[in-house]
file query06.csv (CSV, C-alpha atoms (C1' of nucleotides))
chain,number,residue,atom,x,y,z
A,1,MET,CA,26.3,11.4,-14.3
A,2,GLN,CA,22.6,12.2,-14.8
A,3,ARG,CA,20.4,10.0,-12.6
A,4,ILE,CA,16.8,9.0,-13.1
A,5,ILE,CA,14.9,8.9,-9.8
A,6,MET,CA,11.4,7.7,-9.3
A,7,HIS,CA,9.1,8.5,-6.3
A,8,ILE,CA,6.1,6.3,-5.6
A,9,ASP,CA,3.3,7.2,-3.3
A,10,LEU,CA,0.4,4.8,-2.6
A,11,ASP,CA,-2.9,6.6,-3.0
A,12,GLN,CA,-4.8,7.1,0.3
A,13,PHE,CA,-3.1,4.0,1.5
A,14,TYR,CA,-4.9,3.0,4.7
A,15,ALA,CA,-8.3,3.9,3.4
A,16,ALA,CA,-7.7,2.0,0.1
A,17,VAL,CA,-6.6,-1.1,2.1
A,18,GLU,CA,-9.7,-0.9,4.2
A,19,GLU,CA,-11.9,-0.6,1.1
A,20,ASN,CA,-10.3,-3.8,-0.2
A,21,ARG,CA,-11.0,-5.5,3.0
A,22,LYS,CA,-14.6,-4.4,3.1
A,23,PRO,CA,-15.8,-3.8,-0.5
A,24,GLU,CA,-19.1,-2.4,0.8
A,25,LEU,CA,-17.2,0.7,1.8
A,26,LYS,CA,-16.5,1.5,-1.8
A,27,ASP,CA,-18.0,4.9,-2.8
A,28,LYS,CA,-18.6,5.8,0.9
A,29,PRO,CA,-16.6,8.4,2.8
A,30,VAL,CA,-14.1,6.5,4.9
A,31,ALA,CA,-11.8,7.9,7.7
A,32,ILE,CA,-9.1,6.0,9.4
A,33,CYS,CA,-8.7,7.1,13.1
A,34,VAL,CA,-6.0,7.0,15.7
A,35,TYR,CA,-8.1,6.9,18.9
A,36,SER,CA,-6.2,8.1,22.0
A,37,GLY,CA,-8.6,6.4,24.4
A,38,ARG,CA,-9.0,9.4,26.7
A,39,THR,CA,-12.7,10.0,25.9
A,40,GLU,CA,-15.1,8.5,23.4
A,41,ASP,CA,-13.9,10.3,20.3
A,42,SER,CA,-10.5,11.8,21.3
A,43,GLY,CA,-7.8,11.3,18.7
A,44,ALA,CA,-7.1,12.3,15.2
A,45,ILE,CA,-7.8,11.3,11.6
A,46,SER,CA,-4.8,9.5,10.1
A,47,THR,CA,-6.0,9.1,6.5
A,48,SER,CA,-9.3,9.5,4.7
A,49,ASN,CA,-10.4,8.6,1.2
A,50,TYR,CA,-11.2,11.1,-1.5
A,51,THR,CA,-14.9,11.0,-0.9
A,52,ALA,CA,-14.4,12.0,2.8
A,53,ARG,CA,-11.9,14.7,1.9
A,54,LYS,CA,-14.6,16.4,-0.1
A,55,LEU,CA,-16.5,16.8,3.2
A,56,GLY,CA,-13.4,18.4,4.8
A,57,ILE,CA,-12.5,15.3,6.6
A,58,ARG,CA,-8.7,15.1,6.2
A,59,ALA,CA,-5.6,13.8,7.9
A,60,GLY,CA,-4.7,15.5,11.1
A,61,ILE,CA,-8.0,16.9,12.3
A,62,PRO,CA,-9.5,15.8,15.6
A,63,ILE,CA,-12.0,12.9,15.3
A,64,SER,CA,-14.7,14.9,17.1
A,65,HIS,CA,-14.3,17.6,14.5
A,66,ALA,CA,-14.6,15.1,11.7
A,67,LYS,CA,-17.8,13.7,13.2
A,68,ASN,CA,-19.3,17.2,13.3
A,69,LEU,CA,-18.4,17.6,9.6
A,70,ALA,CA,-20.0,14.2,8.9
A,71,GLU,CA,-23.1,15.3,10.7
A,72,LYS,CA,-23.4,18.5,8.8
A,73,SER,CA,-23.0,16.8,5.5
A,74,GLY,CA,-25.9,14.4,6.2
A,75,GLN,CA,-23.8,11.6,4.7
A,76,GLU,CA,-22.9,8.3,6.4
A,77,VAL,CA,-19.2,8.5,7.0
A,78,ILE,CA,-17.4,5.3,8.0
A,79,PHE,CA,-14.9,5.7,10.9
A,80,LEU,CA,-12.4,2.9,11.3
A,81,PRO,CA,-9.5,2.4,13.8
A,82,VAL,CA,-6.0,2.1,12.3
A,83,ASP,CA,-4.7,-1.5,12.0
A,84,MET,CA,-1.0,-0.8,11.6
A,85,ASP,CA,0.1,-4.5,11.6
A,86,TYR,CA,-2.1,-5.2,8.7
A,87,TYR,CA,-1.0,-2.1,6.7
A,88,ARG,CA,2.6,-3.0,7.4
A,89,ASP,CA,2.3,-6.5,5.9
A,90,ILE,CA,0.8,-5.1,2.7
A,91,SER,CA,3.5,-2.3,2.6
A,92,GLU,CA,6.2,-4.9,2.9
A,93,ARG,CA,4.9,-6.9,0.0
A,94,ILE,CA,4.7,-3.8,-2.2
A,95,MET,CA,8.2,-2.7,-1.2
A,96,GLU,CA,9.4,-6.2,-2.4
A,97,ILE,CA,7.8,-5.5,-5.8
A,98,LEU,CA,9.6,-2.2,-6.0
A,99,GLU,CA,12.9,-3.7,-4.9
A,100,ASN,CA,12.8,-5.9,-8.0
A,101,HIS,CA,12.6,-2.9,-10.3
A,102,ALA,CA,15.1,-0.6,-8.7
A,103,ASP,CA,18.9,-0.3,-8.6
A,104,ILE,CA,18.5,1.1,-5.1
A,105,LEU,CA,15.3,1.3,-3.1
A,106,GLU,CA,14.8,3.8,-0.2
A,107,GLN,CA,11.6,3.3,1.8
A,108,ALA,CA,10.6,6.8,2.9
A,109,SER,CA,7.6,5.8,4.9
A,110,ILE,CA,5.0,3.0,5.1
A,111,ASP,CA,3.4,4.2,1.8
A,112,GLU,CA,6.3,6.0,0.0
A,113,ALA,CA,9.6,5.1,-1.6
A,114,TYR,CA,12.3,6.4,-3.8
A,115,LEU,CA,13.9,4.3,-6.5
A,116,ASP,CA,17.2,5.0,-8.3
A,117,VAL,CA,16.6,3.4,-11.7
A,118,THR,CA,19.5,4.9,-13.6
A,119,GLU,CA,21.2,1.6,-14.4
A,120,LYS,CA,18.0,-0.4,-15.0
A,121,THR,CA,16.8,2.2,-17.5
A,122,LYS,CA,20.2,2.9,-19.0
A,123,GLY,CA,19.5,6.5,-18.4
A,124,SER,CA,16.4,6.6,-20.7
A,125,TYR,CA,13.3,8.4,-19.5
A,126,ASN,CA,11.3,6.3,-22.0
A,127,ALA,CA,12.4,3.1,-20.3
A,128,ALA,CA,11.6,4.7,-17.0
A,129,GLU,CA,8.1,5.5,-18.1
A,130,ASN,CA,7.6,1.9,-19.2
A,131,MET,CA,8.9,0.7,-15.9
A,132,ALA,CA,6.5,2.9,-14.0
A,133,SER,CA,3.6,1.5,-16.0
A,134,LYS,CA,4.8,-2.1,-15.2
A,135,ILE,CA,5.0,-1.2,-11.5
A,136,LYS,CA,1.5,0.3,-11.4
A,137,GLU,CA,0.2,-2.8,-13.2
A,138,GLU,CA,1.9,-5.2,-10.8
A,139,ILE,CA,0.6,-3.3,-7.6
A,140,ARG,CA,-2.9,-3.2,-9.0
A,141,GLU,CA,-2.9,-6.9,-9.9
A,142,LYS,CA,-1.3,-8.2,-6.7
A,143,GLU,CA,-2.7,-5.8,-4.1
A,144,ASN,CA,-5.6,-4.0,-5.9
A,145,LEU,CA,-4.1,-0.6,-5.1
A,146,THR,CA,-3.2,2.4,-7.1
A,147,CYS,CA,-0.2,4.7,-6.7
A,148,SER,CA,1.1,8.0,-8.1
A,149,ILE,CA,4.6,8.1,-9.6
A,150,GLY,CA,7.0,11.0,-10.3
A,151,ILE,CA,10.1,10.6,-12.4
A,152,ALA,CA,12.8,13.2,-12.4
A,153,PRO,CA,16.6,13.8,-12.3
A,154,ASN,CA,16.6,13.9,-8.4
A,155,LYS,CA,14.6,13.0,-5.3
A,156,LEU,CA,13.4,16.5,-4.7
A,157,VAL,CA,11.7,16.9,-8.0
A,158,ALA,CA,10.6,13.3,-8.2
A,159,LYS,CA,8.7,13.8,-5.0
A,160,ILE,CA,6.9,16.9,-6.1
A,161,ALA,CA,6.1,15.2,-9.4
A,162,SER,CA,4.4,12.2,-7.8
A,163,ASP,CA,2.2,14.7,-5.9
A,164,TYR,CA,1.4,16.7,-9.0
A,165,ASN,CA,-1.1,14.3,-10.4
A,166,LYS,CA,-3.1,11.9,-8.2
A,167,PRO,CA,-4.6,9.5,-7.7
A,168,ASP,CA,-3.1,6.9,-10.1
A,169,GLY,CA,-0.9,9.6,-11.7
A,170,LEU,CA,2.4,9.5,-13.6
A,171,THR,CA,4.4,12.7,-14.0
A,172,ILE,CA,7.7,12.9,-15.8
A,173,ILE,CA,9.9,15.9,-15.5
A,174,MET,CA,12.9,15.9,-17.8
A,175,PRO,CA,16.0,17.7,-16.7
A,176,ASP,CA,15.4,20.7,-19.0
A,177,GLU,CA,11.8,21.1,-17.7
A,178,VAL,CA,12.7,21.3,-14.0
A,179,GLU,CA,13.0,25.1,-13.8
A,180,LYS,CA,9.7,25.7,-15.5
A,181,PHE,CA,7.9,23.0,-13.5
A,182,LEU,CA,9.0,24.4,-10.1
A,183,SER,CA,8.4,28.1,-10.9
A,184,SER,CA,4.6,27.6,-11.0
A,185,LEU,CA,4.4,26.0,-7.6
A,186,PRO,CA,3.7,27.5,-4.2
A,187,LEU,CA,6.6,27.5,-1.7
A,188,ARG,CA,4.7,25.0,0.5
A,189,LYS,CA,5.2,22.3,-2.1
A,190,LEU,CA,8.9,22.2,-1.6
A,191,HIS,CA,9.8,19.3,0.7
A,192,GLY,CA,11.3,20.6,3.9
A,193,ILE,CA,9.6,24.0,3.8
A,194,GLY,CA,7.0,24.1,6.5
A,195,PRO,CA,5.0,26.9,8.2
A,196,LYS,CA,8.0,28.4,10.1
A,197,THR,CA,10.2,28.6,7.1
A,198,ILE,CA,7.4,30.2,5.0
A,199,GLU,CA,6.8,32.8,7.7
A,200,ALA,CA,10.5,33.7,7.8
A,201,LEU,CA,10.7,34.0,4.0
A,202,GLU,CA,7.6,36.2,3.9
A,203,SER,CA,9.3,38.5,6.4
A,204,ILE,CA,11.8,39.4,3.6
A,205,GLU,CA,9.1,39.5,0.9
A,206,ILE,CA,9.8,36.1,-0.6
A,207,SER,CA,6.5,34.2,-1.3
A,208,THR,CA,7.1,32.2,-4.5
A,209,VAL,CA,9.5,29.5,-5.6
A,210,ALA,CA,10.8,31.7,-8.4
A,211,GLY,CA,11.5,34.5,-5.8
A,212,LEU,CA,13.5,32.1,-3.7
A,213,ALA,CA,15.4,30.7,-6.7
A,214,GLU,CA,16.6,34.2,-7.6
A,215,CYS,CA,17.4,35.2,-4.0
A,216,ASP,CA,21.0,35.9,-3.0
A,217,VAL,CA,22.0,33.3,-0.4
A,218,GLN,CA,23.7,36.1,1.6
A,219,LYS,CA,20.3,37.6,2.3
A,220,LEU,CA,19.0,34.4,3.8
A,221,ILE,CA,22.0,33.6,6.1
A,222,PRO,CA,20.9,35.9,8.9
A,223,LEU,CA,17.5,34.1,9.0
A,224,PHE,CA,18.6,30.5,8.6
A,225,GLY,CA,22.3,30.1,8.9
A,226,GLY,CA,24.6,29.3,6.0
A,227,ASN,CA,23.8,25.7,5.7
A,228,LYS,CA,20.0,25.9,5.5
A,229,ALA,CA,20.2,29.1,3.5
A,230,ARG,CA,22.1,27.4,0.7
A,231,LEU,CA,19.8,24.3,0.9
A,232,LEU,CA,16.7,26.5,0.5
A,233,VAL,CA,17.9,28.3,-2.6
A,234,ASP,CA,19.1,25.0,-4.2
A,235,LYS,CA,15.7,23.5,-3.5
A,236,ALA,CA,13.9,26.4,-5.3
A,237,ARG,CA,16.2,25.8,-8.2
A,238,GLY,CA,15.5,22.1,-8.3
A,239,ILE,CA,19.0,21.2,-7.3
A,240,ASP,CA,19.3,18.1,-5.0
A,241,TYR,CA,22.4,16.0,-4.9
A,242,SER,CA,21.2,13.6,-2.2
A,243,SER,CA,21.4,10.0,-3.2
A,244,VAL,CA,18.8,7.2,-2.9
A,245,GLU,CA,20.0,5.0,-0.1
A,246,GLU,CA,18.6,2.0,1.8
A,247,LYS,CA,17.8,3.5,5.2
A,248,VAL,CA,18.7,1.9,8.5
A,249,SER,CA,16.8,3.3,11.5
A,250,LYS,CA,18.9,5.4,13.9
A,251,GLN,CA,16.3,5.5,16.7
A,252,ILE,CA,13.2,3.7,17.7
A,253,SER,CA,10.5,5.4,19.8
A,254,ARG,CA,7.0,4.7,21.1
A,255,ILE,CA,4.8,7.4,22.7
A,256,LEU,CA,1.3,7.3,23.9
A,257,THR,CA,-1.5,9.5,25.4
A,258,LEU,CA,-2.1,8.8,29.0
A,259,LYS,CA,-5.6,8.0,30.2
A,260,ASN,CA,-5.3,10.8,32.8
A,261,ASP,CA,-2.8,13.6,33.1
A,262,THR,CA,-0.4,12.8,35.9
A,263,ASN,CA,2.9,13.9,37.6
A,264,ASN,CA,2.9,10.8,39.8
A,265,ILE,CA,5.7,8.3,39.2
A,266,ASP,CA,3.6,5.5,40.4
A,267,ASP,CA,1.1,6.1,37.6
A,268,LEU,CA,4.0,6.1,35.1
A,269,ILE,CA,5.8,2.9,36.2
A,270,PRO,CA,3.3,0.6,34.4
A,271,VAL,CA,3.4,2.8,31.4
A,272,ILE,CA,7.2,2.6,31.3
A,273,GLY,CA,6.9,-1.2,31.6
A,274,TYR,CA,4.5,-1.4,28.7
A,275,LEU,CA,6.6,1.0,26.5
A,276,ALA,CA,9.8,-0.9,27.3
A,277,GLY,CA,8.2,-4.1,26.1
A,278,GLU,CA,7.1,-2.4,22.9
A,279,LEU,CA,10.6,-1.1,22.2
A,280,LYS,CA,12.1,-4.5,23.0
A,281,LYS,CA,9.9,-6.1,20.3
A,282,LYS,CA,11.0,-3.5,17.7
A,283,LEU,CA,14.6,-4.0,18.7
A,284,GLU,CA,14.4,-7.7,18.3
A,285,LYS,CA,12.8,-7.4,14.9
A,286,LYS,CA,15.6,-5.2,13.7
A,287,LYS,CA,18.2,-7.2,15.6
A,288,ALA,CA,19.6,-4.1,17.2
A,289,SER,CA,20.9,-3.0,20.6
A,290,PHE,CA,21.1,0.6,21.9
A,291,LYS,CA,23.4,2.8,23.9
A,292,THR,CA,21.1,5.8,24.6
A,293,ILE,CA,17.7,5.8,26.1
A,294,SER,CA,15.4,8.9,26.4
A,295,ILE,CA,12.1,9.7,27.8
A,296,ILE,CA,9.7,12.0,25.9
A,297,THR,CA,7.1,13.9,27.9
A,298,ILE,CA,4.4,16.2,26.7
A,299,ASP,CA,2.7,18.3,29.4
A,300,THR,CA,-0.8,19.5,29.6
A,301,ALA,CA,0.1,22.7,27.7
A,302,LEU,CA,1.4,20.4,24.9
A,303,ASP,CA,5.0,21.4,25.4
A,304,MET,CA,7.5,18.6,24.7
A,305,GLN,CA,10.5,17.8,26.8
A,306,THR,CA,13.1,15.1,26.3
A,307,LYS,CA,15.7,13.7,28.7
A,308,GLY,CA,18.2,11.0,27.8
A,309,ARG,CA,21.2,9.1,29.1
A,310,THR,CA,23.9,7.2,27.3
A,311,LEU,CA,25.2,4.0,28.7
A,312,GLU,CA,28.8,2.7,28.8
A,313,ASN,CA,28.0,-0.2,26.4
A,314,ALA,CA,25.2,-1.2,24.0
A,315,THR,CA,22.5,-3.4,25.4
A,316,ASN,CA,19.1,-4.7,24.5
A,317,SER,CA,17.8,-5.4,28.0
A,318,THR,CA,14.2,-4.5,28.8
A,319,SER,CA,15.1,-4.1,32.4
A,320,THR,CA,17.7,-1.5,31.6
A,321,ILE,CA,15.2,0.4,29.6
A,322,ARG,CA,12.8,0.3,32.5
A,323,GLU,CA,15.4,1.3,35.1
A,324,VAL,CA,17.0,4.1,33.3
A,325,SER,CA,13.7,5.6,32.1
A,326,THR,CA,12.3,5.4,35.6
A,327,MET,CA,15.3,7.4,36.8
A,328,LEU,CA,15.0,10.0,34.0
A,329,THR,CA,11.2,10.3,34.7
A,330,LYS,CA,11.9,11.0,38.4
A,331,GLU,CA,14.4,13.6,37.5
A,332,ILE,CA,12.0,15.5,35.2
A,333,LEU,CA,9.3,15.3,37.8
A,334,GLU,CA,11.5,16.8,40.4
A,335,GLY,CA,12.5,19.6,38.1
A,336,SER,CA,9.1,20.8,37.0
A,337,GLY,CA,6.2,19.0,38.7
A,338,LYS,CA,4.1,19.7,35.6
A,339,LYS,CA,1.5,17.1,34.7
A,340,PHE,CA,2.1,15.0,31.6
A,341,ARG,CA,-0.6,14.4,29.0
A,342,ARG,CA,1.6,12.1,26.8
A,343,PHE,CA,4.6,10.0,27.6
A,344,GLY,CA,7.1,8.0,25.5
A,345,LEU,CA,10.4,6.2,25.4
A,346,ARG,CA,13.1,6.3,22.7
A,347,VAL,CA,16.3,4.3,22.2
A,348,SER,CA,19.0,5.6,19.9
A,349,SER,CA,22.7,5.1,19.1
A,350,LEU,CA,21.6,1.8,17.7
A,351,ASP,CA,24.1,-1.0,17.2
A,352,TYR,CA,23.3,-3.7,14.6
A,353,GLY,CA,26.5,-5.7,15.2
A,354,THR,CA,25.0,-8.7,17.0
A,355,LYS,CA,27.3,-11.2,18.7
A,356,LYS,CA,26.4,-13.8,16.2
A,357,GLU,CA,27.3,-11.7,13.2
A,358,GLN,CA,30.5,-10.6,14.8
A,359,LYS,CA,31.5,-14.1,15.3
A,360,SER,CA,30.8,-15.1,11.7
A,361,LEU,CA,32.7,-12.0,10.5
A,362,MET,CA,35.7,-13.2,12.6
A,363,GLU,CA,35.5,-16.6,11.0
A,364,PHE,CA,35.4,-15.0,7.6
A,365,LYS,CA,38.6,-13.3,8.4
B,1,DC,C1',34.1,15.9,19.5
B,2,DG,C1',30.3,13.3,22.0
B,3,DA,C1',26.3,14.1,24.6
B,4,DC,C1',22.2,16.4,25.3
B,5,DG,C1',18.0,19.2,24.5
B,6,DT,C1',15.1,21.8,21.4
B,7,DG,C1',12.9,23.2,17.0
B,8,DT,C1',11.2,22.1,12.5
B,9,DA,C1',9.3,19.1,9.3
B,10,DA,C1',7.3,15.0,7.0
B,11,DC,C1',4.1,11.0,7.3
C,1,DC,C1',-8.1,20.7,24.0
C,2,DC,C1',-5.0,17.9,19.1
C,3,DT,C1',-1.8,11.2,16.6
C,4,DT,C1',2.5,8.8,16.0
C,5,DT,C1',7.1,8.1,14.5
C,6,DT,C1',11.4,9.4,12.6
C,7,DA,C1',15.1,12.4,11.2
C,8,DC,C1',18.1,16.1,11.2
C,9,DA,C1',20.1,20.6,12.2
C,10,DC,C1',21.6,23.6,15.6
C,11,DG,C1',23.2,25.5,20.0
C,12,DT,C1',25.5,24.5,24.1
C,13,DC,C1',28.4,22.3,27.4
C,14,DG,C1',32.5,20.1,29.0

call {"tool": "encode", "arguments": {"input": "query06.csv", "output": "structure tokens"}}
result
Amino acid sequence: MQRIIMHIDLDQFYAAVEENRKPELKDKPVAICVYSGRTEDSGAISTSNYTARKLGIRAGIPISHAKNLAEKSGQEVIFLPVDMDYYRDISERIMEILENHADILEQASIDEAYLDVTEKTKGSYNAAENMASKIKEEIREKENLTCSIGIAPNKLVAKIASDYNKPDGLTIIMPDEVEKFLSSLPLRKLHGIGPKTIEALESIEISTVAGLAECDVQKLIPLFGGNKARLLVDKARGIDYSSVEEKVSKQISRILTLKNDTNNIDDLIPVIGYLAGELKKKLEKKKASFKTISIITIDTALDMQTKGRTLENATNSTSTIREVSTMLTKEILEGSGKKFRRFGLRVSSLDYGTKKEQKSLMEFK
DNA sequence: CGACGTGTAAC
DNA sequence: CCTTTTACACGTCG
């Protein structure tokens, strides 16, 4: 059965939201920053609007670097701190809109979603196009935001299509157009192919999507292993059988940059206390408990290390998070003695079967 | 196989 | 000199 999949991406989401909140920002370069709090301007740019991108101020670069670029341009650039709670509220309202149009909705991130619309469009690309226009209209009316939409026979191609024309774009790739559409793209545009994979492919003279599509899987197995090798060639051919599914989170983590580098457990105890509280809040919101708890450390050389422990039974107790992570932290400190720059906690092996629900399930039986 | 740690990637 | 959060694949160990 041929599916019709839609991928929707909100345009420069955080920056657009801030422009709505402060209309005087319109037409000015705006950069949304994650300040780490170590020094005045330490941290990175999370999102910027198109005006700022023209100056080279884009996601991922250090805030200090962005300020230099702003200085050089002679323009007034607006730097704002992220306000995740606010963005999340707006995201939730938009996802509700999408939910009403889709057979199945898969939220891929705060500003992205996949919709399986096969049933609602009765398999018609024309109907899907109309639906996309309706969705754009509704998001513009209710939230004053634009989005870019891709429509294609699978998630892989839909995602590339939504990126093809932005902002406020709509790109439809019919099944018989997939091959041609992909062949013109650089490898980097394929979801899941990052710098390391590109480097490995270039080592065997593959540098285009077309080249990868023609490649014999056997040739890739020594580099990537059978599983990933097959996946890579499928990707280049526009083949993707993965289904759109409502995602439930499998882990919850929180990590932060320390005010000062440290290898002293006494400095970390209050940090553990804070992070444990943060995780507890998220667990409550999702009504989940956990069986595994890990600490995540990033040392001064920016090398990451994780260490975890799985409990006998699922729990949601903050004190357990604190106690176990304190033990794990001591263990890592004894092992290396390296100073940490960043520190985080993660809970996984999540269990959504709360006592209440179990009881009602019993009664149902 | 479950548990654990690392690497890669996307946002 | 550099954010945060999540996911998944893979190797390894017992």

call {"tool": "closest_atom_pairs", "arguments": {"input": "query06.csv", "of": "chain A", "to": "chain B", "cutoff": "10 Å", "atoms": "only C-alpha atoms (C1' of nucleotides)", "output": "JSON lines"}}
result
{"residue": "A:Ser46", "atom": "CA", "partner": "B:DC11", "partner_atom": "C1'", "distance": 9.4}
{"residue": "A:Ala108", "atom": "CA", "partner": "B:DC11", "partner_atom": "C1'", "distance": 8.9}
{"residue": "A:Ser109", "atom": "CA", "partner": "B:DC11", "partner_atom": "C1'", "distance": 6.7}
{"residue": "A:Ile110", "atom": "CA", "partner": "B:DC11", "partner_atom": "C1'", "distance": 8.3}
{"residue": "A:Asp111", "atom": "CA", "partner": "B:DC11", "partner_atom": "C1'", "distance": 8.8}
{"residue": "A:Glu112", "atom": "CA", "partner": "B:DC11", "partner_atom": "C1'", "distance": 9.1}
{"residue": "A:His191", "atom": "CA", "partner": "B:DA10", "partner_atom": "C1'", "distance": 8.0}
{"residue": "A:Gly192", "atom": "CA", "partner": "B:DA9", "partner_atom": "C1'", "distance": 6.0}
{"residue": "A:Ile193", "atom": "CA", "partner": "B:DA9", "partner_atom": "C1'", "distance": 7.4}
{"residue": "A:Gly194", "atom": "CA", "partner": "B:DA9", "partner_atom": "C1'", "distance": 6.2}
{"residue": "A:Pro195", "atom": "CA", "partner": "B:DT8", "partner_atom": "C1'", "distance": 8.9}
{"residue": "A:Lys196", "atom": "CA", "partner": "B:DT8", "partner_atom": "C1'", "distance": 7.5}
{"residue": "A:Thr197", "atom": "CA", "partner": "B:DT8", "partner_atom": "C1'", "distance": 8.5}
{"residue": "A:Thr292", "atom": "CA", "partner": "B:DA3", "partner_atom": "C1'", "distance": 9.8}
{"residue": "A:Met304", "atom": "CA", "partner": "B:DT6", "partner_atom": "C1'", "distance": 8.9}
{"residue": "A:Gln305", "atom": "CA", "partner": "B:DG5", "partner_atom": "C1'", "distance": 8.0}
{"residue": "A:Thr306", "atom": "CA", "partner": "B:DG5", "partner_atom": "C1'", "distance": 6.6}
{"residue": "A:Lys307", "atom": "CA", "partner": "B:DG5", "partner_atom": "C1'", "distance": 7.3}
{"residue": "A:Gly308", "atom": "CA", "partner": "B:DC4", "partner_atom": "C1'", "distance": 7.2}
{"residue": "A:Arg309", "atom": "CA", "partner": "B:DC4", "partner_atom": "C1'", "distance": 8.3}
{"residue": "A:Thr310", "atom": "CA", "partner": "B:DA3", "partner_atom": "C1'", "distance": 7.8}

call {"tool": "closest_residue", "arguments": {"input": "query06.csv", "among": "A:Ser48, A:Asn20, A:Ser36, A:Gln2", "to": "chain C", "atoms": "only C-alpha atoms (C1' of nucleotides)"}}
result
A:Ser36

call {"tool": "interface_residues", "arguments": {"input": "query06.csv", "of": "chain A", "to": "chain C", "cutoff": "12 Å", "atoms": "all atoms listed in the file", "output": "CSV table (one decimal) with C-alpha atoms, in the coordinates of the input"}}
result
chain,number,residue,atom,x,y,z
A,32,ILE,CA,-9.1,6.0,9.4
A,33,CYS,CA,-8.7,7.1,13.1
A,34,VAL,CA,-6.0,7.0,15.7
A,35,TYR,CA,-8.1,6.9,18.9
A,36,SER,CA,-6.2,8.1,22.0
A,37,GLY,CA,-8.6,6.4,24.4
A,38,ARG,CA,-9.0,9.4,26.7
A,39,THR,CA,-12.7,10.0,25.9
A,41,ASP,CA,-13.9,10.3,20.3
A,42,SER,CA,-10.5,11.8,21.3
A,43,GLY,CA,-7.8,11.3,18.7
A,44,ALA,CA,-7.1,12.3,15.2
A,45,ILE,CA,-7.8,11.3,11.6
A,46,SER,CA,-4.8,9.5,10.1
A,47,THR,CA,-6.0,9.1,6.5
A,59,ALA,CA,-5.6,13.8,7.9
A,60,GLY,CA,-4.7,15.5,11.1
A,61,ILE,CA,-8.0,16.9,12.3
A,62,PRO,CA,-9.5,15.8,15.6
A,63,ILE,CA,-12.0,12.9,15.3
A,64,SER,CA,-14.7,14.9,17.1
A,65,HIS,CA,-14.3,17.6,14.5
A,82,VAL,CA,-6.0,2.1,12.3
A,84,MET,CA,-1.0,-0.8,11.6
A,108,ALA,CA,10.6,6.8,2.9
A,109,SER,CA,7.6,5.8,4.9
A,110,ILE,CA,5.0,3.0,5.1
A,192,GLY,CA,11.3,20.6,3.9
A,224,PHE,CA,18.6,30.5,8.6
A,225,GLY,CA,22.3,30.1,8.9
A,226,GLY,CA,24.6,29.3,6.0
A,227,ASN,CA,23.8,25.7,5.7
A,228,LYS,CA,20.0,25.9,5.5
A,231,LEU,CA,19.8,24.3,0.9
A,247,LYS,CA,17.8,3.5,5.2
A,248,VAL,CA,18.7,1.9,8.5
A,249,SER,CA,16.8,3.3,11.5
A,250,LYS,CA,18.9,5.4,13.9
A,251,GLN,CA,16.3,5.5,16.7
A,252,ILE,CA,13.2,3.7,17.7
A,253,SER,CA,10.5,5.4,19.8
A,254,ARG,CA,7.0,4.7,21.1
A,255,ILE,CA,4.8,7.4,22.7
A,256,LEU,CA,1.3,7.3,23.9
A,257,THR,CA,-1.5,9.5,25.4
A,300,THR,CA,-0.8,19.5,29.6
A,301,ALA,CA,0.1,22.7,27.7
A,302,LEU,CA,1.4,20.4,24.9
A,341,ARG,CA,-0.6,14.4,29.0
A,342,ARG,CA,1.6,12.1,26.8
A,343,PHE,CA,4.6,10.0,27.6
A,344,GLY,CA,7.1,8.0,25.5
A,345,LEU,CA,10.4,6.2,25.4
A,346,ARG,CA,13.1,6.3,22.7
A,347,VAL,CA,16.3,4.3,22.2
A,348,SER,CA,19.0,5.6,19.9

call {"tool": "residues_around", "arguments": {"input": "query06.csv", "residues": "Glu284 (chain A)", "least_positions_apart": "6", "cutoff": "12 Å", "atoms": "all atoms listed in the file", "output": "JSON, numbers by chain"}}
result
{"A": [252, 277, 278, 290, 315, 316, 317, 318, 350, 351, 352, 354]}

call {"tool": "closest_residue", "arguments": {"input": "query06.csv", "among": "A:Leu170, A:Leu55, A:Ile90, A:Ile149", "to": "Asp9 (chain A)", "atoms": "all atoms listed in the file"}}
result
A:Ile149

call {"tool": "residues_near_point", "arguments": {"input": "query06.csv", "point": "(-14.9, 0.3, -1.7)", "cutoff": "12 Å", "atoms": "all atoms listed in the file", "output": "MDAnalysis selection string"}}
result
chainID A and resid 15:30 49:51 78 144:145

call {"tool": "atom_distance", "arguments": {"input": "query06.csv", "atom1": "CA of Leu220 (chain A)", "atom2": "CA of Ile173 (chain A)"}}
result
28.2 Å

call {"tool": "atom_distance", "arguments": {"input": "query06.csv", "atom1": "CA of Ser91 (chain A)", "atom2": "CA of Lys282 (chain A)"}}
result
16.9 Å

call {"tool": "atom_distance", "arguments": {"input": "query06.csv", "atom1": "CA of Val233 (chain A)", "atom2": "CA of Ala213 (chain A)"}}
result
5.4 Å

call {"tool": "residues_around", "arguments": {"input": "query06.csv", "residues": "region 113-120 of chain A", "least_positions_apart": "4", "cutoff": "6 Å", "atoms": "only C-alpha atoms (C1' of nucleotides)", "output": "list in words"}}
result
Arg3, Ile4, Ile5, Met6, His7, Ile8, Ala102, Asp103, Ile104, Leu105, Glu106, Gln107 and Ala108 of chain A
